[in-house]
Amino acid sequence: MQDKELLIDQITAEEIGDNHLFTSLNTPMVESAFDISDEEKKDRIQFHFSEIMKTLGLDLSDDSLQGTPSRVAKMYIDEIFSGLDPKNKPKMALFENKYQYNQMLVEKNITFYSNCEHHFVPIIGKAHVAYISSGKVVGLSKLNRLVQYYAKRPQVQERLTHQIGRDLMESLQTEDVAVIIEAKHLCVSSRGVQDDQSETITVFYNGKFNEPEIIQQLHQLIKD
């Protein structure tokens, strides 16, 4: 009975990964995620990645490969998965909307690189972020940095879209937020169906951005 339950769990896990589903709006993290230092994490990743390379039959004594486990460990912690650590979250300092600009503000074509949490291969895309001020504004670069922060972790595009949208609502103190993400998933283009042309589009609309006229205006601004 236990073996049957384990097999069902494995099948379910495969289906979730192959169909690019996600199970939580929050990034799945264990409570002990930050009990060890970044340096210790790098040491562990370096060791385990060495084992993966050896299992594949690669010769780690080769000049080109011997530094790869260390490079991968540094890349994981300091770069492509740095968004897992809350200490790297950008500070969203707000300012008074002295210009009394009460129309939508759109920051479009924010490029990002993320990684699919099902296969750990790249997701490459662009985000369009919009909000209507409730009396406060934020520096434009902070919008880019927030997108990058949430992108730099193992991700599912739907979750990424919601995480950016929810954080913007909280940070900007406004209900009127929209996020549109267009991305190409290398887990689709480089494996599986190997479709190199398809893209995935996800949206987050809240507040006034649920109104058809506002949505149409937003899409026109992104398209121009």
# chains A, B, ... in the order shown; residues from 1 in each chain; ligands from 1
call {"tool": "closest_atom_pairs", "arguments": {"of": "range 55-131 of chain A", "to": "range 147-160 of chain A", "cutoff": "7 Å", "atoms": "only C-alpha atoms", "output": "CSV"}}
result
residue,atom,partner,partner_atom,distance
A:Ile80,CA,A:Lys152,CA,5.0
A:Phe81,CA,A:Arg153,CA,4.3
A:Ser82,CA,A:Lys152,CA,5.8
A:Gly83,CA,A:Lys152,CA,4.6
A:Leu84,CA,A:Arg153,CA,5.6
A:Lys89,CA,A:Tyr149,CA,6.2
A:Phe112,CA,A:Gln148,CA,6.1
A:Tyr113,CA,A:Ala151,CA,6.5
A:Ser114,CA,A:Ala151,CA,4.9
A:Asn115,CA,A:Pro154,CA,5.1
A:Cys116,CA,A:Gln155,CA,5.1
A:Glu117,CA,A:Pro154,CA,4.4
A:Phe120,CA,A:Pro154,CA,6.9
call {"tool": "residues_around", "arguments": {"residues": "range 165-171 of chain A", "least_positions_apart": "3", "cutoff": "9 Å", "atoms": "only C-alpha atoms", "output": "NGL selection string"}}
result
:A and (92-94 or 129 or 131 or 138 or 143 or 146 or 160-162 or 174-179 or 204-206)
call {"tool": "closest_residue", "arguments": {"among": "A:Ile201, A:Cys187, A:Ile110, A:Ile77", "to": "Lys41 in chain A", "atoms": "only C-alpha atoms"}}
result
A:Ile77
call {"tool": "select_by_dssp", "arguments": {"residues": "range 26-190 of chain A", "states": "strand (DSSP E)", "output": "PyMOL selection string"}}
result
chain A and resi 94-96+104-116+122-132+136-138+154-155+177-185
call {"tool": "write_last_selection", "arguments": {"atoms": "C-alpha atoms", "output": "PDB file, in the first residue's frame"}}
result
ATOM      1  CA  LEU A  94       7.806  56.130  -1.417  1.00  0.00           C
ATOM      2  CA  PHE A  95       7.541  59.822  -2.250  1.00  0.00           C
ATOM      3  CA  GLU A  96       4.673  62.262  -2.259  1.00  0.00           C
ATOM      4  CA  MET A 104      -1.663  55.233 -14.932  1.00  0.00           C
ATOM      5  CA  LEU A 105       2.113  54.992 -14.906  1.00  0.00           C
ATOM      6  CA  VAL A 106       3.517  52.202 -17.058  1.00  0.00           C
ATOM      7  CA  GLU A 107       7.018  50.755 -16.993  1.00  0.00           C
ATOM      8  CA  LYS A 108       7.139  48.400 -19.963  1.00  0.00           C
ATOM      9  CA  ASN A 109       9.616  45.921 -21.434  1.00  0.00           C
ATOM     10  CA  ILE A 110      11.404  45.149 -18.169  1.00  0.00           C
ATOM     11  CA  THR A 111      13.656  42.283 -19.212  1.00  0.00           C
ATOM     12  CA  PHE A 112      14.273  39.457 -16.780  1.00  0.00           C
ATOM     13  CA  TYR A 113      15.853  36.037 -16.557  1.00  0.00           C
ATOM     14  CA  SER A 114      14.371  33.435 -14.263  1.00  0.00           C
ATOM     15  CA  ASN A 115      14.497  29.648 -13.929  1.00  0.00           C
ATOM     16  CA  CYS A 116      11.710  27.099 -14.155  1.00  0.00           C
ATOM     17  CA  PRO A 122      15.872  29.439 -17.962  1.00  0.00           C
ATOM     18  CA  ILE A 123      12.721  31.467 -18.386  1.00  0.00           C
ATOM     19  CA  ILE A 124      13.483  34.546 -20.490  1.00  0.00           C
ATOM     20  CA  GLY A 125      10.965  37.338 -20.758  1.00  0.00           C
ATOM     21  CA  LYS A 126       9.785  40.857 -20.219  1.00  0.00           C
ATOM     22  CA  ALA A 127       7.380  42.381 -17.734  1.00  0.00           C
ATOM     23  CA  HIS A 128       5.064  45.363 -18.087  1.00  0.00           C
ATOM     24  CA  VAL A 129       4.116  46.997 -14.796  1.00  0.00           C
ATOM     25  CA  ALA A 130       1.487  49.683 -14.261  1.00  0.00           C
ATOM     26  CA  TYR A 131      -0.095  51.447 -11.319  1.00  0.00           C
ATOM     27  CA  ILE A 132      -2.284  54.418 -10.498  1.00  0.00           C
ATOM     28  CA  LYS A 136       2.501  58.040  -3.316  1.00  0.00           C
ATOM     29  CA  VAL A 137       5.008  57.236  -6.059  1.00  0.00           C
ATOM     30  CA  VAL A 138       8.209  55.218  -6.229  1.00  0.00           C
ATOM     31  CA  PRO A 154      13.119  28.989  -9.102  1.00  0.00           C
ATOM     32  CA  GLN A 155       9.785  30.123 -10.505  1.00  0.00           C
ATOM     33  CA  VAL A 177      -1.923  47.636 -10.060  1.00  0.00           C
ATOM     34  CA  ALA A 178      -1.378  45.627 -13.246  1.00  0.00           C
ATOM     35  CA  VAL A 179       1.379  43.225 -14.252  1.00  0.00           C
ATOM     36  CA  ILE A 180       1.725  41.553 -17.647  1.00  0.00           C
ATOM     37  CA  ILE A 181       4.503  39.059 -18.311  1.00  0.00           C
ATOM     38  CA  GLU A 182       5.537  37.605 -21.673  1.00  0.00           C
ATOM     39  CA  ALA A 183       8.130  34.853 -21.503  1.00  0.00           C
ATOM     40  CA  LYS A 184       9.763  31.976 -23.306  1.00  0.00           C
ATOM     41  CA  HIS A 185      10.389  28.809 -21.306  1.00  0.00           C
TER      42      HIS A 185
END
call {"tool": "atom_distance", "arguments": {"atom1": "CA of Lys42 in chain A", "atom2": "CA of Ala73 in chain A"}}
result
4.9 Å
call {"tool": "atom_distance", "arguments": {"atom1": "CA of Leu65 in chain A", "atom2": "CA of Ile45 in chain A"}}
result
15.4 Å
call {"tool": "atom_distance", "arguments": {"atom1": "CA of Thr68 in chain A", "atom2": "CA of Met53 in chain A"}}
result
9.3 Å
call {"tool": "select_by_dssp", "arguments": {"residues": "range 27-177 of chain A", "states": "helix (DSSP H, G or I)", "output": "ChimeraX atom specification"}}
result
/A:38-55,68-80,82-84,86-88,140-151,157-172
